[in-house]
file my_file-v2.cif (mmCIF, C-alpha atoms)
data_run
#
loop_
_atom_site.label_atom_id
_atom_site.label_comp_id
_atom_site.auth_asym_id
_atom_site.auth_seq_id
_atom_site.Cartn_x
_atom_site.Cartn_y
_atom_site.Cartn_z
CA MET A 119 0.00 0.00 0.00
CA ASP A 120 2.85 2.38 0.93
CA ALA A 121 4.69 1.60 -2.30
CA GLU A 122 1.50 2.22 -4.29
CA PHE A 123 0.95 5.53 -2.54
CA GLY A 124 4.62 6.41 -3.09
CA SER A 125 4.10 6.10 -6.83
CA PHE A 126 0.85 8.09 -6.59
CA GLU A 127 2.57 10.82 -4.59
CA THR A 128 5.41 10.97 -7.12
CA GLU A 129 2.85 11.55 -9.89
CA MET A 130 1.17 14.29 -7.86
CA ASN A 131 4.47 15.94 -7.01
CA ARG A 132 5.67 16.01 -10.58
CA GLY A 133 3.35 18.83 -11.61
CA PHE A 134 3.47 20.53 -8.23
CA LEU A 135 7.26 20.70 -8.24
CA GLN A 136 7.25 22.33 -11.67
CA VAL A 137 4.98 25.06 -10.36
CA LEU A 138 7.13 25.47 -7.24
CA ALA A 139 10.28 25.79 -9.34
CA LEU A 140 8.66 28.45 -11.53
CA VAL A 141 7.54 30.30 -8.41
CA VAL A 142 10.92 30.38 -6.61
CA LEU A 143 12.94 31.10 -9.72
CA ASP A 144 11.72 34.66 -9.84
CA ARG A 145 15.19 35.26 -8.49
CA LYS A 146 18.36 33.50 -9.58
CA MET A 147 18.95 30.26 -7.66
CA TYR A 148 21.00 27.10 -8.01
CA GLY A 149 19.86 23.54 -7.30
CA TYR A 150 21.20 23.04 -3.81
CA GLY A 151 19.90 26.49 -2.77
CA MET A 152 16.44 25.63 -4.13
CA ILE A 153 16.32 22.38 -2.17
CA LYS A 154 17.21 24.19 1.04
CA HIS A 155 14.66 26.88 0.23
CA PHE A 156 11.93 24.25 -0.22
CA GLU A 157 12.95 22.51 2.98
CA ALA A 158 12.69 25.76 4.91
CA ALA A 159 9.08 25.99 3.66
CA GLY A 160 8.40 22.39 4.80
CA TYR A 161 8.62 20.68 1.42
CA THR A 162 11.21 18.00 0.81
CA VAL A 163 12.41 17.27 -2.70
CA GLU A 164 14.98 14.69 -3.78
CA GLU A 165 17.92 16.18 -5.60
CA ASN A 166 17.85 13.50 -8.28
CA THR A 167 14.30 14.59 -9.06
CA LEU A 168 14.90 18.34 -9.08
CA TYR A 169 17.78 18.48 -11.55
CA PRO A 170 16.12 16.49 -14.36
CA LEU A 171 12.99 18.62 -13.85
CA LEU A 172 15.01 21.84 -14.16
CA ARG A 173 16.53 20.48 -17.35
CA ARG A 174 13.07 19.84 -18.81
CA LEU A 175 11.87 23.33 -17.84
CA GLU A 176 14.93 24.80 -19.49
CA LYS A 177 14.40 22.70 -22.61
CA ASN A 178 10.86 24.13 -22.82
CA GLY A 179 12.30 27.64 -22.60
CA TRP A 180 10.56 28.41 -19.30
CA ILE A 181 13.76 28.92 -17.34
CA ALA A 182 17.28 29.91 -18.36
CA SER A 183 20.58 28.88 -16.81
CA GLU A 184 24.17 30.02 -16.55
CA TRP A 185 27.25 28.72 -14.80
CA ASP A 186 28.77 30.94 -12.13
CA VAL A 187 32.47 30.26 -11.74
CA SER A 188 33.29 33.34 -9.70
CA GLU A 189 33.46 31.31 -6.48
CA GLY A 190 35.72 28.33 -5.93
CA ARG A 191 33.22 25.74 -7.12
CA PRO A 192 31.19 26.27 -10.31
CA LYS A 193 27.42 26.44 -9.79
CA LYS A 194 24.62 26.40 -12.30
CA PHE A 195 22.09 29.17 -11.62
CA TYR A 196 18.55 29.20 -12.97
CA VAL A 197 16.03 31.99 -13.46
CA ILE A 198 12.53 32.15 -14.93
CA THR A 199 12.02 33.52 -18.48
CA ALA A 200 9.13 35.57 -19.87
CA ALA A 201 7.63 32.38 -21.36
CA GLY A 202 8.00 30.74 -17.96
CA ARG A 203 6.08 33.58 -16.29
CA THR A 204 3.20 33.09 -18.72
CA VAL A 205 3.16 29.36 -18.07
CA ARG A 206 3.36 29.94 -14.33
CA ALA A 207 0.33 32.25 -14.42
CA GLN A 208 -1.64 29.66 -16.38
CA ALA A 209 -0.52 26.84 -14.09
CA LEU A 210 -1.51 28.75 -10.95
CA LYS A 211 -4.91 29.45 -12.48
CA VAL A 212 -5.41 25.75 -13.28
CA TRP A 213 -4.25 24.81 -9.80
CA ALA A 214 -6.71 27.26 -8.21
CA GLU A 215 -9.54 25.89 -10.35
CA GLN A 216 -8.64 22.34 -9.42
CA GLY A 217 -8.59 23.26 -5.71
CA LYS A 218 -12.00 24.90 -6.07
CA THR A 219 -13.44 21.82 -7.80
CA LEU A 220 -11.99 19.53 -5.17
CA ARG A 221 -13.43 21.58 -2.30
CA LYS A 222 -16.85 21.69 -3.96
CA LEU A 223 -16.89 17.92 -4.49
CA MET A 224 -15.76 17.25 -0.94
CA GLU A 225 -18.61 19.40 0.35
CA VAL A 226 -21.13 17.45 -1.74
CA ASP A 227 -19.76 13.98 -1.15
CA HIS A 228 -19.16 13.56 2.58
CA ASP A 229 -17.66 10.10 2.12
CA VAL A 230 -14.40 11.47 0.78
CA ARG A 231 -13.89 14.00 3.58
CA GLU A 232 -10.91 13.64 5.81
CA PRO A 233 -11.81 11.85 9.07
CA MET B 52 38.98 15.31 -7.29
CA PHE B 53 37.40 12.35 -5.55
CA GLU B 54 37.82 8.99 -7.19
CA ASN B 55 34.56 7.58 -5.81
CA LEU B 56 32.65 10.59 -7.18
CA GLU B 57 34.22 10.28 -10.65
CA THR B 58 33.48 6.54 -10.71
CA TYR B 59 29.86 7.28 -9.77
CA LEU B 60 29.55 9.91 -12.50
CA GLN B 61 31.04 7.56 -15.06
CA GLU B 62 28.40 4.98 -14.17
CA VAL B 63 25.65 7.58 -14.50
CA ASN B 64 27.10 8.53 -17.88
CA GLN B 65 26.84 4.90 -19.09
CA TYR B 66 23.05 5.12 -18.85
CA LEU B 67 22.67 8.76 -19.78
CA ALA B 68 21.34 8.47 -23.32
CA VAL B 69 20.80 12.17 -24.02
CA LYS B 70 21.56 13.77 -27.37
CA GLN B 71 23.43 16.72 -25.89
CA GLY B 72 24.32 18.26 -22.55
CA GLY B 73 25.51 15.02 -20.95
CA ASP B 74 28.72 16.60 -19.64
CA GLU B 75 26.75 19.50 -18.21
CA ILE B 76 24.43 17.14 -16.35
CA LEU B 77 27.41 15.34 -14.82
CA ALA B 78 29.06 18.66 -13.93
CA GLU B 79 25.89 19.77 -12.14
CA ILE B 80 25.62 16.50 -10.17
CA ARG B 81 29.31 16.80 -9.25
CA SER B 82 28.83 20.39 -8.12
CA HIS B 83 25.78 19.46 -6.06
CA ILE B 84 27.39 16.50 -4.29
CA LEU B 85 30.54 18.46 -3.43
CA GLU B 86 28.59 21.45 -2.16
CA LYS B 87 26.32 19.24 -0.05
CA ALA B 88 29.34 17.43 1.40
CA ASP B 89 30.97 20.80 2.17
CA ARG B 90 27.90 22.24 3.85
CA GLU B 91 26.81 19.18 5.77
CA SER B 92 30.20 17.80 6.83
CA GLY B 93 32.28 20.95 7.05
CA ALA B 94 34.51 19.82 4.17
CA ALA B 95 34.26 17.35 1.30
CA THR B 96 36.15 14.13 2.03
CA GLU B 97 36.03 10.69 0.45
CA GLU B 98 33.74 9.55 3.27
CA SER B 99 31.37 12.51 3.24
CA VAL B 100 31.17 12.41 -0.57
CA GLN B 101 30.39 8.68 -0.40
CA ARG B 102 27.51 9.34 2.01
CA ILE B 103 26.00 11.89 -0.36
CA ILE B 104 26.49 9.53 -3.32
CA ASP B 105 24.69 6.75 -1.44
CA SER B 106 21.71 8.98 -0.80
CA TYR B 107 21.69 10.45 -4.34
CA GLY B 108 20.51 7.17 -5.88
CA ARG B 109 21.67 4.33 -8.10
CA PRO B 110 23.42 5.58 -11.29
CA ARG B 111 20.82 3.87 -13.48
CA ASP B 112 17.90 5.49 -11.59
CA VAL B 113 19.56 8.90 -11.74
CA ALA B 114 20.12 8.65 -15.50
CA GLU B 115 16.60 7.30 -16.06
CA LYS B 116 15.05 10.50 -14.71
CA TYR B 117 16.85 12.56 -17.33
CA ILE B 118 15.67 10.43 -20.23
CA GLU B 119 12.02 10.06 -19.23
CA GLY B 120 9.77 10.64 -22.21
CA SER B 121 12.50 9.96 -24.78
CA GLU B 122 11.60 6.40 -25.75
CA ILE B 123 13.51 4.42 -28.36
CA ILE B 124 10.18 3.51 -29.96
CA THR B 125 7.11 5.34 -28.76
CA PRO B 126 4.78 2.89 -26.93
CA VAL B 127 1.86 3.71 -29.25
CA TYR B 128 3.71 1.80 -32.00
CA ARG B 129 3.99 -1.44 -30.02
CA LYS B 130 1.08 -3.07 -31.85
CA HIS B 131 2.38 -1.72 -35.17
CA LEU B 132 5.73 -3.33 -34.44
CA PHE B 133 4.26 -6.82 -34.24
CA ARG B 134 1.62 -6.42 -36.94
CA TYR B 135 4.09 -5.01 -39.46
CA THR B 136 6.59 -7.73 -38.54
CA TRP B 137 4.04 -10.51 -39.17
CA ILE B 138 2.95 -8.98 -42.48
CA LEU B 139 6.55 -8.66 -43.61
CA PHE B 140 7.25 -12.19 -42.41
CA ALA B 141 4.22 -13.55 -44.32
CA PHE B 142 5.73 -12.05 -47.48
CA HIS B 143 9.12 -13.47 -46.52
CA ALA B 144 7.66 -16.94 -45.88
CA ALA B 145 5.76 -16.92 -49.19
CA LEU B 146 8.97 -16.05 -51.06
CA THR B 147 10.78 -18.80 -49.16
CA ALA B 148 8.10 -21.28 -50.27
CA VAL B 149 8.59 -20.16 -53.89
CA ALA B 150 12.39 -20.45 -53.53
CA LEU B 151 12.02 -23.97 -52.10
CA GLY B 152 9.47 -25.01 -54.71
CA PHE B 153 11.58 -23.86 -57.65
CA HIS B 154 15.03 -24.58 -56.17
CA MET B 155 16.16 -21.02 -56.68
CA SER B 156 17.54 -18.00 -54.85
CA ILE B 157 15.42 -14.88 -54.58
CA ILE B 158 16.91 -11.45 -54.07
CA MET B 159 14.71 -8.40 -53.62
CA PHE B 160 17.19 -5.67 -52.83
CA PRO B 161 17.70 -4.45 -50.15
CA PHE B 162 15.45 -6.43 -47.79
CA PHE B 163 15.10 -9.97 -49.01
CA PHE B 164 17.66 -12.58 -49.81
CA ILE B 165 16.37 -16.11 -49.82
CA PRO B 166 19.15 -18.53 -50.73
CA ARG B 167 18.60 -21.75 -52.58
CA MET B 168 18.34 -24.30 -49.80
CA PRO B 169 16.91 -27.69 -48.89
CA ALA B 170 13.53 -27.79 -47.14
CA LEU B 171 15.05 -28.68 -43.76
CA ALA B 172 17.29 -25.61 -43.87
CA ALA B 173 14.13 -23.50 -44.12
CA LEU B 174 13.28 -24.56 -40.56
CA VAL B 175 16.36 -22.67 -39.44
CA TYR B 176 16.08 -19.92 -42.02
CA LEU B 177 12.49 -18.85 -41.23
CA PRO B 178 13.01 -18.04 -37.51
CA MET B 179 16.07 -16.01 -38.50
CA ALA B 180 13.98 -14.28 -41.16
CA TRP B 181 11.37 -13.39 -38.51
CA LEU B 182 14.06 -11.84 -36.33
CA ALA B 183 15.45 -9.92 -39.30
CA ASP B 184 11.94 -8.65 -40.16
CA PHE B 185 11.36 -7.66 -36.54
CA GLY B 186 14.66 -5.79 -36.55
CA LEU B 187 13.85 -4.01 -39.79
CA VAL B 188 10.41 -2.89 -38.58
CA ALA B 189 11.87 -1.84 -35.21
CA PHE B 190 14.53 0.19 -37.01
CA VAL B 191 11.93 1.98 -39.15
CA LEU B 192 9.76 2.69 -36.09
CA TYR B 193 12.84 3.96 -34.24
CA ILE B 194 13.56 6.41 -37.07
CA VAL B 195 9.89 7.49 -37.14
CA THR B 196 9.86 7.98 -33.35
CA GLN B 197 13.02 10.06 -33.37
CA ARG B 198 12.03 12.16 -36.37
CA ASN B 199 8.30 12.70 -36.07
CA ARG B 200 6.47 11.35 -33.05
CA SER B 201 3.10 12.73 -34.16
CA LEU B 202 3.10 10.79 -37.44
CA SER B 203 0.12 8.42 -37.82
CA LEU B 204 1.16 5.12 -39.30
CA PRO B 205 -1.36 3.15 -41.38
CA TRP B 206 -3.09 0.34 -39.52
CA LEU B 207 -3.70 -2.67 -41.72
CA ARG B 208 -7.04 -4.14 -40.73
CA ILE B 209 -6.62 -7.89 -40.95
CA SER B 210 -10.04 -8.36 -39.32
CA ARG B 211 -11.63 -6.57 -42.30
CA VAL B 212 -9.83 -8.91 -44.71
CA LEU B 213 -11.14 -11.85 -42.67
CA ARG B 214 -14.66 -10.46 -42.74
CA GLU B 215 -14.53 -9.87 -46.47
CA ALA B 216 -13.27 -13.38 -47.22
CA ARG B 217 -16.59 -15.05 -47.88
CA ARG B 218 -17.53 -18.67 -47.68
CA PRO B 219 -17.43 -20.61 -50.99
CA LYS B 220 -20.54 -20.06 -53.08
CA ALA B 221 -23.02 -22.91 -53.35
CA PRO B 222 -22.07 -25.27 -56.23
CA ARG B 223 -24.31 -25.34 -59.30
CA LEU B 224 -25.26 -28.45 -61.18
CA ALA B 225 -24.79 -26.82 -64.61
CA VAL B 226 -21.19 -25.93 -63.80
CA PHE B 227 -20.53 -29.44 -62.50
CA VAL B 228 -21.96 -30.99 -65.68
CA MET B 229 -19.86 -28.64 -67.80
CA LEU B 230 -16.70 -29.59 -65.84
CA LEU B 231 -17.53 -33.26 -66.24
CA ALA B 232 -18.02 -32.78 -69.98
CA ILE B 233 -14.68 -30.99 -70.31
CA LEU B 234 -12.95 -33.80 -68.41
CA ALA B 235 -14.64 -36.45 -70.55
CA VAL B 236 -13.64 -34.70 -73.80
CA ALA B 237 -10.07 -34.28 -72.51
CA VAL B 238 -9.80 -37.93 -71.51
CA ALA B 239 -11.23 -39.03 -74.86
CA ALA B 240 -8.83 -36.77 -76.75
CA PHE B 241 -5.89 -38.07 -74.77
CA LEU B 242 -6.85 -41.70 -75.27
CA ARG B 243 -7.14 -41.17 -78.99
CA TYR B 244 -4.26 -38.78 -79.76
CA HIS B 245 -1.99 -39.26 -76.66
CA THR B 246 -1.88 -35.52 -76.19
CA LEU B 247 -4.04 -32.54 -75.34
CA PHE B 248 -1.76 -30.04 -77.08
CA PHE B 249 -2.28 -29.59 -80.79
CA TYR B 250 -0.72 -27.26 -83.27
CA SER B 251 -3.32 -27.82 -86.02
CA VAL B 252 -7.03 -28.48 -85.73
CA ASN B 253 -7.09 -31.17 -88.39
CA LEU B 254 -8.64 -34.03 -86.42
CA GLN B 255 -7.72 -36.62 -89.06
CA ALA B 256 -4.03 -35.96 -88.73
CA PRO B 257 -3.51 -33.56 -85.81
CA GLU B 258 -0.06 -32.05 -85.43
CA PRO B 259 1.26 -32.12 -81.83
CA LEU B 260 2.47 -28.87 -80.31
CA MET B 261 5.53 -30.39 -78.65
CA ASN B 262 7.74 -33.48 -78.43
CA HIS B 263 6.08 -36.78 -77.54
CA ALA B 264 7.37 -37.30 -73.96
CA ALA B 265 6.57 -33.73 -72.91
CA SER B 266 3.21 -33.93 -74.61
CA ILE B 267 2.19 -37.04 -72.65
CA PHE B 268 3.52 -35.72 -69.36
CA LEU B 269 1.87 -32.29 -69.63
CA SER B 270 -1.41 -33.84 -70.84
CA LEU B 271 -1.48 -36.16 -67.82
CA MET B 272 -0.83 -33.22 -65.54
CA VAL B 273 -3.68 -31.24 -67.10
CA LEU B 274 -5.97 -34.26 -66.74
CA ALA B 275 -4.96 -34.62 -63.09
CA ALA B 276 -5.71 -30.92 -62.48
CA LEU B 277 -9.08 -31.25 -64.24
CA LEU B 278 -9.90 -34.35 -62.19
CA CYS B 279 -9.11 -32.40 -59.02
CA GLN B 280 -11.47 -29.64 -60.10
CA VAL B 281 -14.29 -32.07 -60.88
CA ILE B 282 -13.93 -34.11 -57.70
CA ALA B 283 -13.66 -31.00 -55.51
CA TYR B 284 -16.71 -29.44 -57.16
CA GLY B 285 -18.66 -32.68 -56.68
CA VAL B 286 -17.66 -32.95 -53.02
CA ARG B 287 -18.92 -29.41 -52.46
CA PHE B 288 -22.47 -30.61 -53.13
CA ILE B 289 -22.08 -32.67 -49.95
CA VAL B 290 -19.70 -30.50 -47.90
CA ASN B 291 -19.39 -26.90 -49.09
CA SER B 292 -16.39 -25.93 -46.99
CA ALA B 293 -13.27 -23.89 -47.55
CA TRP B 294 -11.37 -27.04 -46.60
CA VAL B 295 -12.40 -28.64 -49.91
CA THR B 296 -11.21 -25.75 -52.04
CA LEU B 297 -8.09 -25.44 -49.88
CA ILE B 298 -7.15 -29.08 -50.54
CA LYS B 299 -8.03 -28.73 -54.24
CA ASN B 300 -5.83 -25.66 -54.61
CA ALA B 301 -3.02 -27.34 -52.67
CA LEU B 302 -3.16 -30.31 -55.07
CA THR B 303 -3.27 -27.96 -58.07
CA LEU B 304 -0.19 -26.17 -56.73
CA LEU B 305 1.54 -29.54 -56.39
CA ILE B 306 0.70 -30.38 -60.00
CA LEU B 307 2.02 -27.01 -61.18
CA TRP B 308 5.13 -27.53 -59.06
CA ALA B 309 5.63 -30.93 -60.75
CA ILE B 310 5.27 -29.29 -64.17
CA TRP B 311 7.79 -26.57 -63.33
CA ASN B 312 10.31 -29.03 -61.89
CA SER B 313 9.84 -31.78 -64.44
CA PRO B 314 13.10 -33.20 -65.83
CA ILE B 315 11.34 -33.83 -69.14
CA VAL B 316 12.59 -31.41 -71.77
CA VAL B 317 9.78 -29.59 -73.57
CA ARG B 318 10.53 -28.82 -77.21
CA PHE B 319 7.78 -26.82 -78.82
CA LYS B 320 7.11 -26.86 -82.52
CA GLU B 321 9.02 -24.05 -84.10
CA VAL B 322 6.80 -21.20 -85.14
CA PRO B 323 8.48 -18.26 -86.91
CA GLY B 324 8.43 -15.08 -84.82
CA VAL B 325 6.84 -16.74 -81.76
CA ASP B 326 8.78 -18.17 -78.81
CA LEU B 327 6.31 -20.75 -77.51
CA SER B 328 8.54 -21.87 -74.62
CA TYR B 329 8.53 -18.28 -73.32
CA TYR B 330 4.73 -18.05 -73.46
CA GLY B 331 4.47 -21.54 -71.90
CA GLY B 332 6.64 -20.42 -68.96
CA VAL B 333 4.63 -17.22 -68.50
CA LEU B 334 1.39 -19.22 -68.55
CA VAL B 335 2.63 -21.57 -65.82
CA ILE B 336 3.77 -18.61 -63.66
CA ILE B 337 0.35 -16.95 -64.06
CA LEU B 338 -1.40 -20.20 -63.12
CA ILE B 339 0.84 -20.68 -60.08
CA SER B 340 0.26 -17.08 -58.92
CA ALA B 341 -3.51 -17.28 -59.38
CA THR B 342 -3.71 -20.65 -57.60
CA ALA B 343 -1.47 -19.40 -54.78
CA VAL B 344 -3.76 -16.39 -54.24
CA LYS B 345 -6.80 -18.70 -54.10
CA PHE B 346 -4.93 -21.01 -51.75
CA ILE B 347 -4.13 -18.13 -49.36
CA LYS B 348 -7.74 -16.94 -49.51
CA ASP B 349 -8.97 -20.43 -48.62
CA LEU B 350 -6.40 -20.64 -45.87
CA VAL B 351 -7.82 -17.42 -44.36
CA LEU B 352 -11.31 -18.89 -44.55
CA VAL B 353 -10.22 -22.14 -42.92
CA ILE B 354 -8.43 -20.30 -40.10
CA ARG B 355 -11.55 -18.21 -39.64
CA GLU B 356 -13.73 -21.32 -39.51
CA MET B 357 -11.40 -22.87 -36.94
CA SER B 358 -11.25 -19.75 -34.75
CA HIS B 359 -15.01 -18.96 -35.03
CA PRO B 360 -16.68 -22.32 -35.63
#
call {"tool": "encode", "arguments": {"input": "my_file-v2.cif", "output": "structure tokens"}}
result
Amino acid sequence: MDAEFGSFETEMNRGFLQVLALVVLDRKMYGYGMIKHFEAAGYTVEENTLYPLLRRLEKNGWIASEWDVSEGRPKKFYVITAAGRTVRAQALKVWAEQGKTLRKLMEVDHDVREP
Amino acid sequence: MFENLETYLQEVNQYLAVKQGGDEILAEIRSHILEKADRESGAATEESVQRIIDSYGRPRDVAEKYIEGSEIITPVYRKHLFRYTWILFAFHAALTAVALGFHMSIIMFPFFFIPRMPALAALVYLPMAWLADFGLVAFVLYIVTQRNRSLSLPWLRISRVLREARRPKAPRLAVFVMLLAILAVAVAAFLRYHTLFFYSVNLQAPEPLMNHAASIFLSLMVLAALLCQVIAYGVRFIVNSAWVTLIKNALTLLILWAIWNSPIVVRFKEVPGVDLSYYGGVLVIILISATAVKFIKDLVLVIREMSHP
């Protein structure tokens, strides 16, 4: 049951993490910094999940990246693009609509309410 | 540089089937692991780096997350892969049967090469041919997937072919009588003239179309084929099944095979400007092709009868 829910949660998180990344990348951040930032807000993300996701967002043109080699160790920084802002606005709208639908259905159907 | 980290990255790289940016991915993972080791253990050491590596995930799992959605062959083509393979293999098998029947090699560049071989060798050849066909179709689907994933491939509806293959029509007495009459005339002609192939129509002194031995052999073959037709048609009054026509066409194919492979040399009467041996060969090929098509059609009907009795 736990393994099944793990897979279900991964599916749910996939879209959610994309929205989160687009939200926090309003300012330039690098992967490790993002993970710590999420953790501070109470959300844990595995590093081997975040980096492939950032790569996909970049491939779509929603975020841009550059290597910073000014410090001792090179770091890859990401920031949202104009296209990414448009997508983020649309995604947040969809998310709000989905939340509204879910709340409505939970009010109608008492069986699915949290105990 | 930490040896354990570089070994880990090399393993990730083995599975990292991305078109470009592979080095950058590895550089980012390296940067992340070293920074995490620095921050969480004060300084990166072999031990602290190893701890981070252990928690980062197996190299294969790490690489897999980067290549999600970039399939070798898109899953929607899975059914196409097998259907196209079987269609191609059916063609391959039919050509193999022809090559075996006529003791010849068949080359259809660039996909088919069926060597001249004994029948037993075909038992080894055909499974290899299936694998080759599967590989060819997989290669084409791979190219299609990589180039244009939205392309819609044609779907050959075998079920429609099965539906459209109708049962044999009910036999008619008039046709049966006509077939019987043709057989009777042919037998009578053969008994009297020892041939069914004439060059002239002078019944008093008919001129044979070919040498004596060939004339007798080919006449007997034609009589055998006619007899098959008559018997099969007669049997259909009792049992009108695709099995009957299937067996009849199989026997006809055997007769044609015997004609094609006969060691008897056929020498046609020389006619200026006309190569009779050429036209004779073409006629046999046409008859074989037409009978083979009928045979396959009956085979479809029989399979249908067996699967939906």
call {"tool": "closest_residue", "arguments": {"input": "my_file-v2.cif", "among": "B:Leu60, B:Ile282, B:Ala88, B:Leu192", "to": "Arg111 of chain B", "atoms": "only C-alpha atoms"}}
result
B:Leu60
call {"tool": "interface_residues", "arguments": {"input": "my_file-v2.cif", "of": "chain B", "to": "chain A", "cutoff": "8 Å", "atoms": "all atoms listed in the file", "output": "list in words"}}
result
Glu79, Ser82, His83, Glu86, Lys87, Tyr107, Gly108, Val113, Lys116 and Tyr117 of chain B
call {"tool": "resolve_selection", "arguments": {"input": "my_file-v2.cif", "expression": "the PyMOL selection byres ((chain B and resi 140) around 9)", "output": "PDB file with C-alpha atoms, keeping the file's coordinate frame"}}
result
ATOM      1  CA  TYR B 135       4.090  -5.010 -39.460  1.00  0.00           C
ATOM      2  CA  THR B 136       6.590  -7.730 -38.540  1.00  0.00           C
ATOM      3  CA  TRP B 137       4.040 -10.510 -39.170  1.00  0.00           C
ATOM      4  CA  ILE B 138       2.950  -8.980 -42.480  1.00  0.00           C
ATOM      5  CA  LEU B 139       6.550  -8.660 -43.610  1.00  0.00           C
ATOM      6  CA  ALA B 141       4.220 -13.550 -44.320  1.00  0.00           C
ATOM      7  CA  PHE B 142       5.730 -12.050 -47.480  1.00  0.00           C
ATOM      8  CA  HIS B 143       9.120 -13.470 -46.520  1.00  0.00           C
ATOM      9  CA  ALA B 144       7.660 -16.940 -45.880  1.00  0.00           C
ATOM     10  CA  ALA B 145       5.760 -16.920 -49.190  1.00  0.00           C
ATOM     11  CA  LEU B 177      12.490 -18.850 -41.230  1.00  0.00           C
ATOM     12  CA  ALA B 180      13.980 -14.280 -41.160  1.00  0.00           C
ATOM     13  CA  TRP B 181      11.370 -13.390 -38.510  1.00  0.00           C
ATOM     14  CA  ASP B 184      11.940  -8.650 -40.160  1.00  0.00           C
ATOM     15  CA  PHE B 185      11.360  -7.660 -36.540  1.00  0.00           C
TER      16      PHE B 185
END
call {"tool": "atom_distance", "arguments": {"input": "my_file-v2.cif", "atom1": "atom CA of Gln197 of chain B", "atom2": "atom CA of Glu62 of chain B"}}
result
25.1 Å
call {"tool": "residues_near_point", "arguments": {"input": "my_file-v2.cif", "point": "(15.7, 30.3, -6.2)", "cutoff": "10 Å", "atoms": "all atoms listed in the file", "output": "ChimeraX atom specification"}}
result
/A:138-156,195-198
call {"tool": "atom_distance", "arguments": {"input": "my_file-v2.cif", "atom1": "atom CA of Leu297 of chain B", "atom2": "atom CA of Asp349 of chain B"}}
result
5.2 Å
call {"tool": "resolve_selection", "arguments": {"input": "my_file-v2.cif", "expression": "the PyMOL selection byres ((chain B and resi 307-314) around 9)", "output": "compact mmCIF listing (two decimals) with C-alpha atoms, in the coordinates of the input"}}
result
# COMPACT_ATOMS: atom_id res chain seq x y z
CA GLY B 152 9.47 -25.01 -54.71
CA PHE B 153 11.58 -23.86 -57.65
CA HIS B 154 15.03 -24.58 -56.17
CA PHE B 268 3.52 -35.72 -69.36
CA LEU B 269 1.87 -32.29 -69.63
CA MET B 272 -0.83 -33.22 -65.54
CA ALA B 276 -5.71 -30.92 -62.48
CA LEU B 302 -3.16 -30.31 -55.07
CA THR B 303 -3.27 -27.96 -58.07
CA LEU B 304 -0.19 -26.17 -56.73
CA LEU B 305 1.54 -29.54 -56.39
CA ILE B 306 0.70 -30.38 -60.00
CA ILE B 315 11.34 -33.83 -69.14
CA VAL B 316 12.59 -31.41 -71.77
CA GLY B 332 6.64 -20.42 -68.96
CA VAL B 335 2.63 -21.57 -65.82
CA ILE B 336 3.77 -18.61 -63.66
CA LEU B 338 -1.40 -20.20 -63.12
CA ILE B 339 0.84 -20.68 -60.08
call {"tool": "closest_residue", "arguments": {"input": "my_file-v2.cif", "among": "B:Met229, B:Val325, B:Glu122, B:Ala239", "to": "Gln280 of chain B", "atoms": "all atoms listed in the file"}}
result
B:Met229
call {"tool": "atom_distance", "arguments": {"input": "my_file-v2.cif", "atom1": "atom CA of Gln71 of chain B", "atom2": "atom CA of His131 of chain B"}}
result
29.5 Å
call {"tool": "residues_near_point", "arguments": {"input": "my_file-v2.cif", "point": "(-7.1, -20.6, -47.2)", "cutoff": "12 Å", "atoms": "only C-alpha atoms", "output": "PyMOL selection string"}}
result
chain B and resi 213+216-219+292-301+342-357
call {"tool": "resolve_selection", "arguments": {"input": "my_file-v2.cif", "expression": "the PyMOL selection byres ((chain B and resi 257) around 12)", "output": "VMD selection string"}}
result
chain B and resid 240 243 to 256 258 to 261
call {"tool": "write_last_selection", "arguments": {"input": "my_file-v2.cif", "atoms": "C-alpha atoms", "output": "PDB file, in the coordinates of the input"}}
result
ATOM      1  CA  ALA B 240      -8.830 -36.770 -76.750  1.00  0.00           C
ATOM      2  CA  ARG B 243      -7.140 -41.170 -78.990  1.00  0.00           C
ATOM      3  CA  TYR B 244      -4.260 -38.780 -79.760  1.00  0.00           C
ATOM      4  CA  HIS B 245      -1.990 -39.260 -76.660  1.00  0.00           C
ATOM      5  CA  THR B 246      -1.880 -35.520 -76.190  1.00  0.00           C
ATOM      6  CA  LEU B 247      -4.040 -32.540 -75.340  1.00  0.00           C
ATOM      7  CA  PHE B 248      -1.760 -30.040 -77.080  1.00  0.00           C
ATOM      8  CA  PHE B 249      -2.280 -29.590 -80.790  1.00  0.00           C
ATOM      9  CA  TYR B 250      -0.720 -27.260 -83.270  1.00  0.00           C
ATOM     10  CA  SER B 251      -3.320 -27.820 -86.020  1.00  0.00           C
ATOM     11  CA  VAL B 252      -7.030 -28.480 -85.730  1.00  0.00           C
ATOM     12  CA  ASN B 253      -7.090 -31.170 -88.390  1.00  0.00           C
ATOM     13  CA  LEU B 254      -8.640 -34.030 -86.420  1.00  0.00           C
ATOM     14  CA  GLN B 255      -7.720 -36.620 -89.060  1.00  0.00           C
ATOM     15  CA  ALA B 256      -4.030 -35.960 -88.730  1.00  0.00           C
ATOM     16  CA  GLU B 258      -0.060 -32.050 -85.430  1.00  0.00           C
ATOM     17  CA  PRO B 259       1.260 -32.120 -81.830  1.00  0.00           C
ATOM     18  CA  LEU B 260       2.470 -28.870 -80.310  1.00  0.00           C
ATOM     19  CA  MET B 261       5.530 -30.390 -78.650  1.00  0.00           C
TER      20      MET B 261
END
call {"tool": "residues_around", "arguments": {"input": "my_file-v2.cif", "residues": "Leu151 of chain B", "least_positions_apart": "5", "cutoff": "8 Å", "atoms": "all atoms listed in the file", "output": "PyMOL selection string"}}
result
chain B and resi 167-170
